[in-house]
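Structure first, then comments.
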Amino acid sequence: MTTAECYQILFQFIGTIISFIALIASIIAVVLTYKNLSEMRKQLNEQQKQYFEQNRGNLVFYIKKSSVGITHDLIIKNFGNSPAKLLSLSINPDLDWTKAGQSDIEEFNITKLNNIFLAPNQHIGTIFDFSDFEEKELEVQICYTTCDKEYIEKYRIDINYLDKVLTLEPKIENELSALKNINKSIVSLSEQFI
């Protein structure tokens, strides 16, 4: 074997080793690229879920003290950013006007509403008199669709708090006291926004 043949074999051996190292580096690059792409896909899926949750419709049933009279407002409102369709609302025990001492106002039962379309921030409501209502806790189940998905949400409302909500109204005796109360209201609102 001549020196030239030895060099040729040596260069072939070195070339084979370099090719093998390049193959290993390529395999490592492919594996790392695959891991990177799978992680990016997970992040994209999570972002899509968050985007959907932020922009879907969100129907909520709640009770608030009426600004006029002794009744309470029963409200279903879409707090979401997309339209939603109310499929059904069930309340246990049923809000039966006969339990509240009335018998001829049955058409105001909010649980009879279904297939109602609510745009974002739109609400529907009715009234109910809880003064003679014996039960103190309501189990609510609201079923609605939004963005081609159906949601069923269940929660409890403790109506004991309704009597503990304090509302104050200014006592207006003349124009001067009215202007003073308006000024206080404006100052109070401006402090909240600053």
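Labels used: A, B, ... for chains in the order of the structure tokens, numbers from 1 for residues in each chain, and numbers from 1 for ligands as shown.
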Inset, instruction - Could you tell me, as a ChimeraX atom specification, which residues of region 3-180 of chain A DSSP assigns to alpha helix (DSSP H) when given the backbone? - result: /A:3-55,175-180
Inset, instruction - Excluding Glu139 (chain A) and any residue of its chain fewer than 5 positions from it, enumerate the residues within 9 Å of it, using only C-alpha atoms, and give them as a VMD selection string. - result: chain A and resid 90 to 93 154 to 158
Inset, instruction - Could you tell me which of A:Gln47, A:Thr126, A:Ser38, A:Gln12 comes closest to Asp73 (chain A) if we count only C-alpha atoms? - result: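 Between A:Gln47, A:Thr126, A:Ser38, A:Gln12, the residue approaching Asp73 (chain A) most closely is A:Thr126.
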Inset, instruction - Point out the residue among A:Asn160, A:Gln8, A:Thr3, A:Asn55 with the least atom-to-atom distance to Ser131 (chain A), counting only C-alpha atoms. - result: A:Asn160
Residue contacts of Ser66 (chain A) (10 Å, only C-alpha atoms) excluding same-chain residues fewer than 5 positions away, as a tab-separated table (two decimals) with N, CA and C atoms, in the first residue's frame:
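Here's the written file out_36.tsv:
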chain	number	residue	atom	x	y	z
A	71	THR	N	-90.56	44.53	45.14
A	71	THR	CA	-90.21	43.35	44.35
A	71	THR	C	-88.72	43.32	44.06
A	72	HIS	N	-88.30	42.22	43.48
A	72	HIS	CA	-86.91	42.04	43.06
A	72	HIS	C	-86.89	41.76	41.56
A	73	ASP	N	-85.85	42.22	40.90
A	73	ASP	CA	-85.69	41.99	39.48
A	73	ASP	C	-84.98	40.66	39.27
A	74	LEU	N	-85.55	39.80	38.43
A	74	LEU	CA	-84.93	38.55	38.01
A	74	LEU	C	-84.40	38.79	36.61
A	127	ILE	N	-90.06	40.41	37.34
A	127	ILE	CA	-90.02	40.73	38.76
A	127	ILE	C	-90.55	39.55	39.56
A	128	PHE	N	-90.22	39.55	40.85
A	128	PHE	CA	-90.77	38.55	41.76
A	128	PHE	C	-90.76	39.15	43.16
A	129	ASP	N	-91.78	38.81	43.93
A	129	ASP	CA	-91.90	39.30	45.29
A	129	ASP	C	-91.46	38.19	46.25
Inset, instruction - With a distance cut-off of 9 Å and only C-alpha atoms, select the neighbouring residues of Thr146 (chain A), excluding the residue or stretch itself and same-chain residues fewer than 6 positions from it, and output the selection as a PyMOL selection string. - result: chain A and resi 56-58+82-85
Save the residues we just selected, all heavy atoms, as a compact mmCIF listing (two decimals), in the first residue's frame?
# COMPACT_ATOMS: atom_id res chain seq x y z
N ARG A 56 -66.79 34.42 23.78
CA ARG A 56 -68.05 33.69 23.68
C ARG A 56 -69.13 34.43 24.47
O ARG A 56 -68.86 35.31 25.28
CB ARG A 56 -67.89 32.27 24.23
CG ARG A 56 -67.77 32.18 25.73
CD ARG A 56 -67.73 30.73 26.17
NE ARG A 56 -67.61 30.57 27.59
CZ ARG A 56 -68.64 30.47 28.43
NH1 ARG A 56 -69.87 30.53 27.97
NH2 ARG A 56 -68.45 30.31 29.71
N GLY A 57 -70.37 34.06 24.22
CA GLY A 57 -71.46 34.58 25.01
C GLY A 57 -71.43 33.96 26.40
O GLY A 57 -70.93 32.86 26.59
N ASN A 58 -71.94 34.68 27.39
CA ASN A 58 -71.93 34.19 28.77
C ASN A 58 -73.23 34.64 29.45
O ASN A 58 -73.31 35.76 29.93
CB ASN A 58 -70.70 34.73 29.51
CG ASN A 58 -70.59 34.16 30.90
OD1 ASN A 58 -71.20 33.16 31.23
ND2 ASN A 58 -69.81 34.82 31.73
N SER A 82 -70.13 37.74 22.50
CA SER A 82 -70.81 37.15 21.35
C SER A 82 -72.27 36.91 21.71
O SER A 82 -72.60 36.78 22.88
CB SER A 82 -70.16 35.82 20.95
OG SER A 82 -68.86 36.02 20.47
N PRO A 83 -73.12 36.81 20.72
CA PRO A 83 -74.52 36.51 21.01
C PRO A 83 -74.67 35.12 21.61
O PRO A 83 -73.83 34.25 21.43
CB PRO A 83 -75.20 36.57 19.63
CG PRO A 83 -74.21 37.08 18.68
CD PRO A 83 -72.87 37.02 19.30
N ALA A 84 -75.76 34.95 22.34
CA ALA A 84 -76.07 33.65 22.94
C ALA A 84 -77.57 33.43 22.87
O ALA A 84 -78.35 34.38 22.86
CB ALA A 84 -75.59 33.60 24.39
N LYS A 85 -77.94 32.16 22.83
CA LYS A 85 -79.36 31.81 22.77
C LYS A 85 -79.72 31.01 24.00
O LYS A 85 -79.15 29.94 24.24
CB LYS A 85 -79.63 30.99 21.51
CG LYS A 85 -81.09 30.65 21.32
CD LYS A 85 -81.27 29.89 20.02
CE LYS A 85 -82.72 29.56 19.77
NZ LYS A 85 -82.89 28.79 18.54
Inset, instruction - Going by DSSP on the backbone, which bits of region 28-177 of chain A are strand (DSSP E or B)? Write them as a VMD selection string, please. - result: chain A and resid 59 to 65 72 to 78 84 to 92 116 to 118 123 to 128 137 to 146 149 to 158
Expected file: the selected residues, N, CA and C atoms, as a compact mmCIF listing (two decimals), in the first residue's frame:
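And here's part_3.txt as it stands now:
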# COMPACT_ATOMS: atom_id res chain seq x y z
N LEU A 59 -74.22 33.75 29.46
CA LEU A 59 -75.50 34.09 30.06
C LEU A 59 -75.47 33.80 31.55
N VAL A 60 -75.96 34.75 32.33
CA VAL A 60 -75.98 34.63 33.79
C VAL A 60 -77.37 35.07 34.27
N PHE A 61 -77.93 34.26 35.18
CA PHE A 61 -79.17 34.63 35.85
C PHE A 61 -78.80 35.20 37.21
N TYR A 62 -79.38 36.35 37.56
CA TYR A 62 -79.12 36.92 38.87
C TYR A 62 -80.35 37.69 39.35
N ILE A 63 -80.33 38.01 40.62
CA ILE A 63 -81.43 38.71 41.27
C ILE A 63 -80.89 40.00 41.86
N LYS A 64 -81.64 41.09 41.66
CA LYS A 64 -81.26 42.34 42.30
C LYS A 64 -82.50 43.03 42.82
N LYS A 65 -82.30 43.81 43.84
CA LYS A 65 -83.40 44.53 44.45
C LYS A 65 -83.92 45.58 43.48
N HIS A 72 -88.30 42.22 43.48
CA HIS A 72 -86.91 42.04 43.06
C HIS A 72 -86.89 41.76 41.56
N ASP A 73 -85.85 42.22 40.90
CA ASP A 73 -85.69 41.99 39.48
C ASP A 73 -84.98 40.66 39.27
N LEU A 74 -85.55 39.80 38.43
CA LEU A 74 -84.93 38.55 38.01
C LEU A 74 -84.40 38.79 36.61
N ILE A 75 -83.10 38.69 36.44
CA ILE A 75 -82.48 39.12 35.19
C ILE A 75 -81.63 37.99 34.60
N ILE A 76 -81.74 37.83 33.28
CA ILE A 76 -80.83 36.98 32.51
C ILE A 76 -80.09 37.93 31.58
N LYS A 77 -78.77 37.98 31.74
CA LYS A 77 -77.97 38.93 30.96
C LYS A 77 -76.82 38.21 30.27
N ASN A 78 -76.53 38.66 29.06
CA ASN A 78 -75.38 38.14 28.32
C ASN A 78 -74.18 39.04 28.63
N ALA A 84 -75.76 34.95 22.34
CA ALA A 84 -76.07 33.65 22.94
C ALA A 84 -77.57 33.43 22.87
N LYS A 85 -77.94 32.16 22.83
CA LYS A 85 -79.36 31.81 22.77
C LYS A 85 -79.72 31.01 24.00
N LEU A 86 -80.63 31.54 24.80
CA LEU A 86 -81.11 30.86 26.00
C LEU A 86 -81.97 29.69 25.57
N LEU A 87 -81.57 28.49 25.95
CA LEU A 87 -82.37 27.30 25.65
C LEU A 87 -83.35 27.00 26.76
N SER A 88 -82.87 27.08 28.00
CA SER A 88 -83.77 26.83 29.13
C SER A 88 -83.17 27.40 30.40
N LEU A 89 -84.04 27.66 31.34
CA LEU A 89 -83.66 28.10 32.68
C LEU A 89 -84.54 27.35 33.65
N SER A 90 -83.90 26.67 34.59
CA SER A 90 -84.69 26.00 35.63
C SER A 90 -84.20 26.49 36.99
N ILE A 91 -85.17 26.72 37.85
CA ILE A 91 -84.89 27.19 39.21
C ILE A 91 -85.61 26.26 40.16
N ASN A 92 -84.88 25.77 41.14
CA ASN A 92 -85.47 24.86 42.12
C ASN A 92 -85.26 25.45 43.51
N ILE A 116 -84.51 32.21 23.46
CA ILE A 116 -84.41 33.68 23.45
C ILE A 116 -82.98 34.05 23.02
N PHE A 117 -82.87 34.87 21.99
CA PHE A 117 -81.58 35.34 21.50
C PHE A 117 -81.20 36.61 22.25
N LEU A 118 -79.99 36.62 22.82
CA LEU A 118 -79.49 37.79 23.55
C LEU A 118 -78.16 38.25 22.94
N HIS A 123 -80.16 42.13 28.05
CA HIS A 123 -80.73 41.35 29.14
C HIS A 123 -82.25 41.31 29.02
N ILE A 124 -82.83 40.32 29.65
CA ILE A 124 -84.27 40.23 29.79
C ILE A 124 -84.55 40.04 31.27
N GLY A 125 -85.72 40.43 31.68
CA GLY A 125 -86.00 40.29 33.10
C GLY A 125 -87.48 40.36 33.41
N THR A 126 -87.77 40.04 34.61
CA THR A 126 -89.11 40.14 35.15
C THR A 126 -88.97 40.46 36.63
N ILE A 127 -90.06 40.41 37.34
CA ILE A 127 -90.02 40.73 38.76
C ILE A 127 -90.55 39.55 39.56
N PHE A 128 -90.22 39.55 40.85
CA PHE A 128 -90.77 38.55 41.76
C PHE A 128 -90.76 39.15 43.16
N GLU A 137 -82.92 29.51 49.48
CA GLU A 137 -81.83 29.20 48.56
C GLU A 137 -82.42 28.64 47.27
N LEU A 138 -81.88 29.11 46.16
CA LEU A 138 -82.35 28.68 44.85
C LEU A 138 -81.23 27.94 44.13
N GLU A 139 -81.56 26.82 43.51
CA GLU A 139 -80.63 26.11 42.64
C GLU A 139 -80.97 26.50 41.20
N VAL A 140 -80.00 27.04 40.50
CA VAL A 140 -80.22 27.55 39.15
C VAL A 140 -79.47 26.67 38.16
N GLN A 141 -80.14 26.35 37.06
CA GLN A 141 -79.48 25.68 35.93
C GLN A 141 -79.87 26.43 34.68
N ILE A 142 -78.87 26.97 34.00
CA ILE A 142 -79.11 27.74 32.78
C ILE A 142 -78.42 27.02 31.62
N CYS A 143 -79.16 26.83 30.56
CA CYS A 143 -78.64 26.13 29.38
C CYS A 143 -78.73 27.09 28.20
N TYR A 144 -77.61 27.26 27.48
CA TYR A 144 -77.59 28.19 26.35
C TYR A 144 -76.55 27.75 25.33
N THR A 145 -76.69 28.28 24.12
CA THR A 145 -75.70 28.03 23.07
C THR A 145 -75.06 29.35 22.68
N THR A 146 -73.79 29.25 22.35
CA THR A 146 -73.04 30.40 21.84
C THR A 146 -71.88 29.86 21.00
N LYS A 149 -71.62 26.10 20.39
CA LYS A 149 -71.37 25.19 21.50
C LYS A 149 -72.47 25.38 22.54
N GLU A 150 -72.83 24.27 23.20
CA GLU A 150 -73.87 24.32 24.21
C GLU A 150 -73.24 24.30 25.59
N TYR A 151 -73.76 25.13 26.47
CA TYR A 151 -73.26 25.23 27.83
C TYR A 151 -74.41 25.00 28.80
N ILE A 152 -74.11 24.26 29.86
CA ILE A 152 -75.05 24.08 30.97
C ILE A 152 -74.30 24.47 32.23
N GLU A 153 -74.78 25.49 32.91
CA GLU A 153 -74.13 25.97 34.12
C GLU A 153 -75.10 25.84 35.28
N LYS A 154 -74.58 25.38 36.41
CA LYS A 154 -75.39 25.20 37.61
C LYS A 154 -74.73 25.96 38.76
N TYR A 155 -75.55 26.64 39.54
CA TYR A 155 -75.05 27.34 40.71
C TYR A 155 -76.22 27.61 41.66
N ARG A 156 -75.87 28.04 42.87
CA ARG A 156 -76.87 28.34 43.89
C ARG A 156 -76.89 29.84 44.16
N ILE A 157 -78.09 30.33 44.47
CA ILE A 157 -78.25 31.72 44.87
C ILE A 157 -78.90 31.73 46.24
N ASP A 158 -78.21 32.35 47.18
CA ASP A 158 -78.74 32.49 48.54
C ASP A 158 -79.55 33.78 48.58
